[in-house]
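Content type compact mmCIF, C-alpha atoms and all ligand atoms, from the file query-v5.txt:
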```txt
# COMPACT_ATOMS: atom_id res chain seq x y z
CA MET A 268 -100.92 3.95 82.82
CA LYS A 269 -100.40 0.26 82.06
CA THR A 270 -99.79 -0.38 78.37
CA LYS A 271 -100.90 -3.74 77.02
CA VAL A 272 -98.62 -5.17 74.33
CA ALA A 273 -99.84 -7.86 71.89
CA ILE A 274 -97.69 -9.22 69.09
CA LEU A 275 -99.62 -10.48 66.09
CA ASN A 276 -98.74 -12.81 63.26
CA GLU A 277 -99.58 -10.73 60.16
CA GLN A 278 -100.30 -13.81 58.06
CA SER A 279 -102.95 -15.26 60.38
CA LEU A 280 -104.36 -12.42 62.46
CA ASP A 281 -105.89 -13.16 65.84
CA LYS A 282 -109.23 -11.37 65.34
CA ASN A 283 -109.91 -11.21 69.08
CA ILE A 284 -106.85 -9.04 69.62
CA ILE A 285 -107.86 -6.75 66.75
CA LEU A 286 -111.35 -6.46 68.27
CA GLU A 287 -109.91 -5.68 71.70
CA ALA A 288 -107.70 -2.91 70.27
CA ALA A 289 -110.59 -1.59 68.14
CA GLU A 290 -112.75 -1.44 71.27
CA ILE A 291 -110.13 0.81 72.89
CA ILE A 292 -110.20 3.13 69.85
CA LYS A 293 -114.01 3.23 70.01
CA ARG A 294 -113.86 4.18 73.69
CA GLY A 295 -111.49 7.08 73.01
CA GLY A 296 -108.18 5.34 73.82
CA VAL A 297 -104.84 5.34 72.02
CA VAL A 298 -103.30 2.33 70.23
CA ALA A 299 -99.93 2.01 68.46
CA PHE A 300 -100.02 -0.27 65.41
CA PRO A 301 -97.81 -1.29 62.48
CA THR A 302 -98.09 0.14 58.99
CA GLU A 303 -95.87 -0.43 55.97
CA THR A 304 -94.30 3.05 56.36
CA VAL A 305 -93.61 3.32 60.10
CA TYR A 306 -95.58 2.38 63.24
CA GLY A 307 -98.52 4.74 63.90
CA LEU A 308 -100.04 6.07 67.13
CA GLY A 309 -103.79 5.90 66.56
CA ALA A 310 -106.98 7.32 68.00
CA ASN A 311 -110.46 7.97 66.64
CA ALA A 312 -109.84 10.99 64.37
CA LEU A 313 -113.42 12.22 64.89
CA ASP A 314 -113.17 12.30 68.70
CA GLU A 315 -111.53 15.50 70.00
CA GLU A 316 -110.68 14.10 73.42
CA ALA A 317 -109.10 10.99 71.93
CA VAL A 318 -107.00 13.02 69.49
CA LYS A 319 -105.82 15.24 72.33
CA LYS A 320 -104.32 12.13 73.96
CA ILE A 321 -102.11 11.52 70.90
CA PHE A 322 -100.62 15.01 71.15
CA ILE A 323 -99.98 14.53 74.87
CA ALA A 324 -98.42 11.04 74.58
CA LYS A 325 -96.02 12.15 71.83
CA GLY A 326 -95.36 15.65 73.18
CA ARG A 327 -96.33 16.80 69.69
CA PRO A 328 -96.62 20.56 69.01
CA GLN A 329 -100.30 21.59 68.71
CA ASP A 330 -99.72 23.20 65.30
CA ASN A 331 -98.64 19.93 63.68
CA PRO A 332 -101.67 18.30 61.99
CA LEU A 333 -102.37 14.55 61.99
CA ILE A 334 -102.92 12.28 59.01
CA ILE A 335 -106.15 10.27 59.07
CA HIS A 336 -106.08 6.61 58.01
CA VAL A 337 -108.90 4.88 56.17
CA GLY A 338 -109.66 1.21 55.58
CA ASP A 339 -111.48 1.64 52.25
CA PHE A 340 -111.81 4.06 49.34
CA ASN A 341 -114.91 5.85 50.64
CA ILE A 342 -113.33 9.02 52.00
CA SER A 343 -116.29 11.28 51.16
CA PRO A 344 -117.42 11.64 54.81
CA TYR A 345 -114.09 13.29 55.68
CA VAL A 346 -113.30 15.53 52.71
CA LYS A 347 -115.16 18.17 50.68
CA GLU A 348 -114.19 16.94 47.24
CA VAL A 349 -111.81 14.50 45.61
CA PRO A 350 -110.17 16.12 42.55
CA LYS A 351 -109.64 13.94 39.45
CA VAL A 352 -105.86 13.85 39.90
CA ALA A 353 -106.30 12.58 43.47
CA LYS A 354 -108.60 9.79 42.25
CA GLU A 355 -105.90 8.72 39.81
CA ILE A 356 -103.25 8.67 42.55
CA MET A 357 -105.57 6.69 44.86
CA ASN A 358 -106.35 4.15 42.12
CA LYS A 359 -102.70 3.67 41.33
CA PHE A 360 -101.05 3.79 44.76
CA TRP A 361 -103.66 2.97 47.47
CA PRO A 362 -103.38 1.09 49.70
CA GLY A 363 -99.82 2.32 49.99
CA PRO A 364 -97.27 4.80 51.33
CA ILE A 365 -98.84 8.02 50.02
CA THR A 366 -100.96 10.63 51.85
CA LEU A 367 -103.18 13.09 49.97
CA ILE A 368 -104.21 16.51 51.28
CA PHE A 369 -107.85 17.56 50.70
CA GLU A 370 -110.20 20.29 51.92
CA LYS A 371 -111.69 18.68 55.03
CA SER A 372 -115.37 18.18 55.90
CA ASP A 373 -116.86 19.54 59.13
CA LYS A 374 -116.95 16.02 60.51
CA VAL A 375 -113.18 16.14 61.13
CA PRO A 376 -112.51 18.23 64.26
CA MET A 377 -110.10 21.16 64.08
CA ILE A 378 -107.74 19.59 66.63
CA THR A 379 -107.05 16.74 64.18
CA SER A 380 -106.06 19.14 61.40
CA ALA A 381 -104.33 21.54 63.84
CA ASN A 382 -106.78 24.29 62.81
CA LEU A 383 -106.12 23.91 59.08
CA SER A 384 -109.07 23.69 56.67
CA THR A 385 -107.33 20.75 55.00
CA ILE A 386 -106.68 17.16 56.04
CA GLY A 387 -104.19 14.45 55.00
CA VAL A 388 -105.72 11.03 54.20
CA ARG A 389 -103.98 7.69 53.66
CA MET A 390 -104.97 4.04 53.21
CA PRO A 391 -102.16 1.93 54.71
CA ASP A 392 -101.12 -1.34 53.09
CA ASN A 393 -100.80 -3.49 56.19
CA ASN A 394 -103.22 -6.18 57.37
CA ILE A 395 -103.19 -5.22 61.03
CA ALA A 396 -103.70 -1.52 60.25
CA ARG A 397 -106.54 -2.17 57.82
CA GLU A 398 -108.35 -4.66 60.07
CA LEU A 399 -108.00 -2.32 63.06
CA ILE A 400 -109.45 0.66 61.15
CA LEU A 401 -112.36 -1.40 59.78
CA ALA A 402 -113.11 -2.96 63.18
CA ALA A 403 -113.04 0.45 64.87
CA ASN A 404 -115.53 1.59 62.22
CA THR A 405 -114.06 5.09 61.95
CA THR A 406 -111.03 6.88 60.53
CA ILE A 407 -107.93 6.69 62.71
CA ALA A 408 -105.67 9.71 63.18
CA ALA A 409 -102.13 8.38 63.46
CA PRO A 410 -98.83 10.22 63.49
CA SER A 411 -95.65 8.17 63.83
CA ALA A 412 -95.53 6.31 67.17
CA ASN A 413 -92.43 8.05 68.56
CA ILE A 414 -91.83 10.79 71.08
CA SER A 415 -91.80 14.01 69.00
CA GLY A 416 -88.39 14.77 67.54
CA ARG A 417 -87.05 11.19 67.74
CA PRO A 418 -86.60 8.89 64.75
CA SER A 419 -89.88 7.23 63.72
CA PRO A 420 -90.33 3.63 64.95
CA THR A 421 -90.06 0.88 62.35
CA ASP A 422 -90.39 -2.01 64.80
CA VAL A 423 -92.46 -2.77 67.87
CA ASP A 424 -89.51 -2.48 70.28
CA SER A 425 -88.99 1.17 69.32
CA CYS A 426 -92.69 1.88 70.07
CA ILE A 427 -92.39 0.19 73.44
CA GLU A 428 -89.22 2.17 74.17
CA ASP A 429 -90.92 5.52 73.44
CA LEU A 430 -94.51 4.98 74.56
CA SER A 431 -94.81 2.23 77.14
CA GLY A 432 -96.73 3.60 80.14
CA LYS A 433 -98.09 6.52 78.08
CA ILE A 434 -100.77 4.81 75.93
CA ASP A 435 -103.39 2.05 76.28
CA TYR A 436 -102.24 -0.57 73.81
CA ILE A 437 -99.37 -1.49 71.49
CA LEU A 438 -100.13 -3.86 68.62
CA GLY A 439 -96.96 -5.40 67.26
CA GLY A 440 -96.44 -6.92 63.84
CA GLU A 441 -93.56 -7.20 61.42
CA ASN A 442 -90.94 -4.50 60.95
CA SER A 443 -92.13 -1.72 58.61
CA GLU A 444 -91.42 -2.68 55.03
CA VAL A 445 -90.81 0.84 53.72
CA GLY A 446 -89.29 2.33 56.86
CA LEU A 447 -89.86 5.96 55.80
CA GLU A 448 -93.05 7.96 56.40
CA SER A 449 -95.52 8.38 53.56
CA THR A 450 -95.06 10.73 50.64
CA ILE A 451 -97.43 13.69 51.22
CA VAL A 452 -99.05 15.32 48.19
CA ASP A 453 -101.15 18.47 48.35
CA CYS A 454 -104.10 17.86 46.01
CA THR A 455 -105.81 21.19 46.81
CA VAL A 456 -103.46 23.07 44.49
CA ASN A 457 -102.77 22.89 40.76
CA PRO A 458 -100.25 21.57 39.92
CA ILE A 459 -100.12 19.14 42.84
CA CYS A 460 -97.19 19.61 45.20
CA ILE A 461 -95.10 17.10 47.20
CA LEU A 462 -94.90 18.33 50.80
CA ARG A 463 -92.85 15.39 52.06
CA PRO A 464 -90.87 12.99 49.86
CA GLY A 465 -91.36 9.25 50.43
CA ALA A 466 -91.33 5.86 48.73
CA ILE A 467 -93.80 7.03 46.07
CA THR A 468 -91.37 9.30 44.28
CA LEU A 469 -91.53 12.50 42.24
CA GLU A 470 -90.64 10.44 39.18
CA MET A 471 -93.60 8.06 39.80
CA LEU A 472 -96.03 10.94 40.35
CA LYS A 473 -94.92 12.68 37.14
CA GLU A 474 -96.67 9.86 35.28
CA ILE A 475 -99.94 11.17 36.68
CA ASP A 476 -99.24 14.94 36.63
CA GLU A 477 -96.15 15.97 34.71
CA ASN A 478 -96.13 19.35 36.48
CA VAL A 479 -95.93 17.92 40.01
CA TYR A 480 -93.09 19.49 42.01
CA VAL A 481 -91.49 19.22 45.46
CA ASP A 482 -92.12 22.07 47.93
CA PRO A 483 -88.73 23.87 47.64
CA ALA A 484 -88.70 24.57 51.38
CA VAL A 485 -88.35 20.87 52.29
CA LEU A 486 -85.04 20.55 50.46
CA ASN A 487 -83.23 23.28 52.37
CA LYS A 488 -82.94 24.47 55.92
CA PRO A 489 -86.25 26.17 56.82
CA THR A 490 -86.10 29.81 57.89
CA GLU A 491 -88.72 32.27 59.17
CA ASP A 492 -89.38 33.51 55.59
CA PHE A 493 -89.01 30.15 53.93
CA LYS A 494 -91.26 27.70 55.74
CA PRO A 495 -92.31 24.28 54.43
CA LYS A 496 -96.02 23.96 53.56
CA ALA A 497 -96.39 20.89 55.83
CA PRO A 498 -96.23 22.40 59.32
CA GLY A 499 -94.37 19.39 60.77
CA MET A 500 -91.52 19.68 58.29
CA LYS A 501 -90.12 22.77 60.00
CA TYR A 502 -89.22 20.94 63.21
CA ARG A 503 -85.89 19.20 63.93
CA HIS A 504 -86.79 15.58 63.63
CA TYR A 505 -85.42 12.04 63.38
CA ALA A 506 -82.64 13.08 65.70
CA PRO A 507 -80.59 10.65 67.78
CA LYS A 508 -79.17 12.06 71.02
CA ALA A 509 -75.70 12.74 69.55
CA PRO A 510 -75.39 15.38 66.81
CA VAL A 511 -75.32 14.08 63.23
CA LYS A 512 -73.15 15.51 60.42
CA ILE A 513 -73.59 14.47 56.78
CA VAL A 514 -70.52 14.28 54.55
CA SER A 515 -71.37 14.76 50.89
CA GLY A 516 -69.46 14.32 47.64
CA ASP A 517 -67.63 11.72 45.57
CA ILE A 518 -67.47 8.48 47.60
CA GLU A 519 -63.65 8.23 47.77
CA LYS A 520 -63.42 11.84 48.96
CA THR A 521 -66.26 11.21 51.42
CA ILE A 522 -64.39 8.29 52.99
CA ALA A 523 -61.20 10.38 53.28
CA LYS A 524 -63.08 13.33 54.81
CA ILE A 525 -64.93 11.15 57.32
CA ASN A 526 -61.66 9.45 58.35
CA GLU A 527 -60.02 12.87 58.80
CA ILE A 528 -62.86 14.01 61.09
CA VAL A 529 -62.87 10.67 62.96
CA LEU A 530 -59.16 11.03 63.72
CA ASN A 531 -59.62 14.56 64.89
CA TYR A 532 -62.35 13.53 67.36
CA ILE A 533 -60.53 10.40 68.56
CA GLU A 534 -57.43 12.51 69.33
CA ARG A 535 -59.62 14.58 71.62
CA GLY A 536 -60.85 11.43 73.40
CA LYS A 537 -64.28 11.43 71.75
CA ARG A 538 -66.32 8.49 70.51
CA VAL A 539 -67.37 8.75 66.88
CA GLY A 540 -70.10 6.72 65.16
CA VAL A 541 -70.05 6.32 61.39
CA ILE A 542 -73.13 5.52 59.29
CA ALA A 543 -71.76 3.72 56.25
CA THR A 544 -72.93 1.35 53.53
CA ASP A 545 -72.04 -2.28 52.73
CA GLU A 546 -69.63 -1.04 50.07
CA THR A 547 -67.73 1.31 52.43
CA LYS A 548 -68.09 -0.09 55.96
CA ASN A 549 -64.55 -1.53 56.04
CA SER A 550 -62.94 1.76 55.00
CA TYR A 551 -63.28 3.65 58.28
CA ASN A 552 -60.90 4.14 61.21
CA SER A 553 -63.64 4.28 63.81
CA ASP A 554 -64.59 1.08 65.63
CA ILE A 555 -68.25 2.17 65.71
CA VAL A 556 -69.41 1.74 62.11
CA VAL A 557 -72.97 0.75 61.19
CA SER A 558 -74.06 -0.04 57.64
CA LEU A 559 -77.43 1.05 56.26
CA GLY A 560 -77.27 -1.62 53.55
CA SER A 561 -76.11 -1.60 49.97
CA ARG A 562 -75.85 1.63 47.97
CA GLU A 563 -77.24 -0.42 45.08
CA ASN A 564 -80.55 -0.79 46.95
CA LEU A 565 -81.90 2.52 48.23
CA TYR A 566 -85.08 0.77 49.45
CA GLU A 567 -82.94 -1.24 51.86
CA ILE A 568 -81.22 1.99 53.01
CA GLY A 569 -84.66 3.58 53.64
CA GLN A 570 -85.87 0.51 55.51
CA ASN A 571 -82.91 0.60 57.92
CA LEU A 572 -82.40 4.34 58.33
CA PHE A 573 -84.46 5.08 61.47
CA LYS A 574 -83.42 1.91 63.27
CA VAL A 575 -79.75 2.72 62.65
CA LEU A 576 -80.21 6.32 63.84
CA ARG A 577 -81.89 5.02 67.00
CA SER A 578 -79.18 2.40 67.57
CA PHE A 579 -76.58 5.08 68.30
CA ASP A 580 -78.48 6.16 71.42
CA THR A 581 -77.23 3.07 73.27
CA MET A 582 -73.67 3.32 71.93
CA ASP A 583 -72.69 6.41 73.86
CA VAL A 584 -71.15 8.29 70.92
CA ASP A 585 -70.31 12.02 70.94
CA ILE A 586 -70.95 12.54 67.24
CA ILE A 587 -72.34 10.62 64.26
CA LEU A 588 -70.93 11.04 60.74
CA CYS A 589 -73.01 9.84 57.80
CA GLU A 590 -72.40 9.39 54.08
CA ALA A 591 -74.78 11.24 51.75
CA PHE A 592 -76.94 9.65 49.03
CA ASN A 593 -78.00 10.60 45.55
CA GLU A 594 -81.33 12.49 45.72
CA GLN A 595 -82.99 10.71 42.80
CA GLY A 596 -86.00 8.44 43.39
CA VAL A 597 -86.39 7.30 46.99
CA GLY A 598 -82.97 8.92 47.65
CA ALA A 599 -84.88 12.24 47.95
CA ALA A 600 -86.80 10.88 50.96
CA ILE A 601 -83.68 9.37 52.53
CA MET A 602 -81.74 12.63 52.22
CA ASN A 603 -84.71 14.67 53.48
CA ARG A 604 -84.83 12.59 56.71
CA LEU A 605 -81.04 12.58 57.07
CA LYS A 606 -80.75 16.35 56.61
CA LYS A 607 -83.42 16.90 59.23
CA SER A 608 -81.72 14.53 61.68
CA ALA A 609 -78.51 16.49 61.08
CA GLY A 610 -80.21 19.87 61.45
CA PHE A 611 -78.89 20.50 57.90
CA ASP A 612 -75.25 20.20 59.04
CA ILE A 613 -73.63 19.10 55.76
CA ILE A 614 -69.87 19.03 55.08
CA GLU A 615 -68.62 18.99 51.47
CA ALA A 616 -65.90 16.35 51.04
P1 LIG B 1 -96.42 12.21 60.98
O1 LIG B 1 -97.87 12.00 61.29
O2 LIG B 1 -95.56 12.19 62.19
O3 LIG B 1 -95.95 11.35 59.87
O4 LIG B 1 -96.38 13.68 60.40
C1 LIG B 1 -97.38 14.11 59.51
C2 LIG B 1 -96.84 15.18 58.61
O5 LIG B 1 -97.89 15.57 57.72
C3 LIG B 1 -96.40 16.43 59.33
O6 LIG B 1 -95.25 16.95 58.73
C4 LIG B 1 -97.60 17.35 59.10
O7 LIG B 1 -97.24 18.69 59.20
C5 LIG B 1 -98.05 16.96 57.71
N1 LIG B 1 -99.46 17.27 57.47
C6 LIG B 1 -100.52 16.64 58.04
N2 LIG B 1 -101.67 17.21 57.65
C7 LIG B 1 -101.35 18.24 56.82
C8 LIG B 1 -102.12 19.22 56.11
N3 LIG B 1 -103.43 19.27 56.17
N4 LIG B 1 -101.42 20.13 55.36
C9 LIG B 1 -100.08 20.07 55.29
N5 LIG B 1 -99.31 19.17 55.95
C10 LIG B 1 -99.92 18.27 56.71
MG MG B 2 -93.63 11.81 62.82
```

What do you get writing this file as structure tokens?
Ligand code: AMP
Ligand code: MG
Amino acid sequence: MKTKVAILNEQSLDKNIILEAAEIIKRGGVVAFPTETVYGLGANALDEEAVKKIFIAKGRPQDNPLIIHVGDFNISPYVKEVPKVAKEIMNKFWPGPITLIFEKSDKVPMITSANLSTIGVRMPDNNIARELILAANTTIAAPSANISGRPSPTDVDSCIEDLSGKIDYILGGENSEVGLESTIVDCTVNPICILRPGAITLEMLKEIDENVYVDPAVLNKPTEDFKPKAPGMKYRHYAPKAPVKIVSGDIEKTIAKINEIVLNYIERGKRVGVIATDETKNSYNSDIVVSLGSRENLYEIGQNLFKVLRSFDTMDVDIILCEAFNEQGVGAAIMNRLKKSAGFDIIEA
């Protein structure tokens, strides 16, 4: 299949390109587009055949439900009811990087929700995304626009790399501002529960419901008896080709431990990549060191995380060692993605 790529200026959108992409969605095709979290792979969420194409293009397991994206606050056609707490979250954080889980209406086909009776809904805060959804005049199901298991794409080149030749259209815009997928909150339970941490943090949600908590199974390695409530969270994900190990502890000890492991690998003729920070990048013995940004700015670390993970695929490394981060605030989302990319391989420094 030939994939058309169009790069848009987000400040002055070319409406004809949006209309062309929207037409493809209306006809049951698949379009990748930017959002502020990561790039999405979209199809008409109400069209079974179209949604099927998303699963095929990504190689996504059939039991992993899709999030539907809306262009305005009227979500009543897609959900049974909107609890009061959800309305408060929507008023405060939409459009923005937070997905809410509701009981779904019959209008949303079972393939979209992977046979669950619930559905995740989000209103993205990105001009291209919003205009595309409104022009397509539907709700767009859109998982991250990567091949399943790979780090999510935060720029158009990563989408092209994963999906060119597999989908109809790629709309390019700016790099994703947040760089981490949306926070997911289950609003069908009381108290509400965070199924996936993101840029809207536990601390921010506590201002709306002080009893909100994070699904304990997303913080640790999932097992058969201890499965995360979001089906997709059980899969290895965000993984570059080389194995990732996280080194955790006091920063001085972390540097010493990473250098010890680097030496050990180099002695055996291996190539080691180190994921560091601006504060530590000059402290390592490896010549393949990439900084995620400053430790003082966890938003910058989140923004760069997936691109840095992907960058190692072209560097031919045998192993990647990464510093750990504090799990407060957006640090919870960063560590959740890192632990999954490492398959929960964590070394105490
Ligand atoms: P992605 O679309 O790649 O960002 O992944 C979406 C994530 O949301 C996956 O982890 C899904 O399992 C999760 N998810 C989507 N819909 C639901 C739902 N109805 N209930 C629980 N988790 C969901
Ligand atoms: Mg994904």

For CA of Asp435 (chain A) and CA of Ile291 (chain A), the interatomic separation in Å (one decimal) =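 Separation between CA of Asp435 (chain A) and CA of Ile291 (chain A): 7.6 Å.
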
Identify which of the residues A:Lys354, A:Lys371, A:Arg562, A:Lys269 lies closest to ligand LIG 1 (chain B), counting only C-alpha atoms and all ligand atoms when measuring atom-to-atom distances.
-> A:Lys371

Kindly compile the residues surrounding ligand MG 2 (chain B) within 8 Å, counting only C-alpha atoms and all ligand atoms, and format them as a VMD selection string.
-> chain A and resid 410 to 413 415 to 416 418 to 419 448 499 504

Restricting the calculation to all atoms listed in the file, which member of A:Met582, A:Ile587, A:Leu383, A:Ile613 is positioned closest to ligand LIG 1 (chain B)?
-> A:Leu383

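Between CA of Leu447 (chain A) and CA of Arg604 (chain A) there is a distance of 8.4 Å.
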
Hey, which residues come within 9 Å of ligand LIG 1 (chain B) if we count only C-alpha atoms and all ligand atoms? Could you give them as number ranges by chain?
-> A: 305, 307-308, 327, 330-335, 366-371, 379-388, 408-413, 415, 419, 448-449, 451-453, 462-463, 495-502

Residues near Lys473 (chain A), cut-off 12 Å, only C-alpha atoms, skip fewer than 5 positions along chain, as number ranges by chain | A: 352, 355-356, 458-461, 467-468, 478-481, 596

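When all atoms listed in the file are used to compute distances to Leu576 (chain A), the closest of the residues A:His336, A:Arg417, A:Arg294, A:Arg397 turns out to be A:Arg417.
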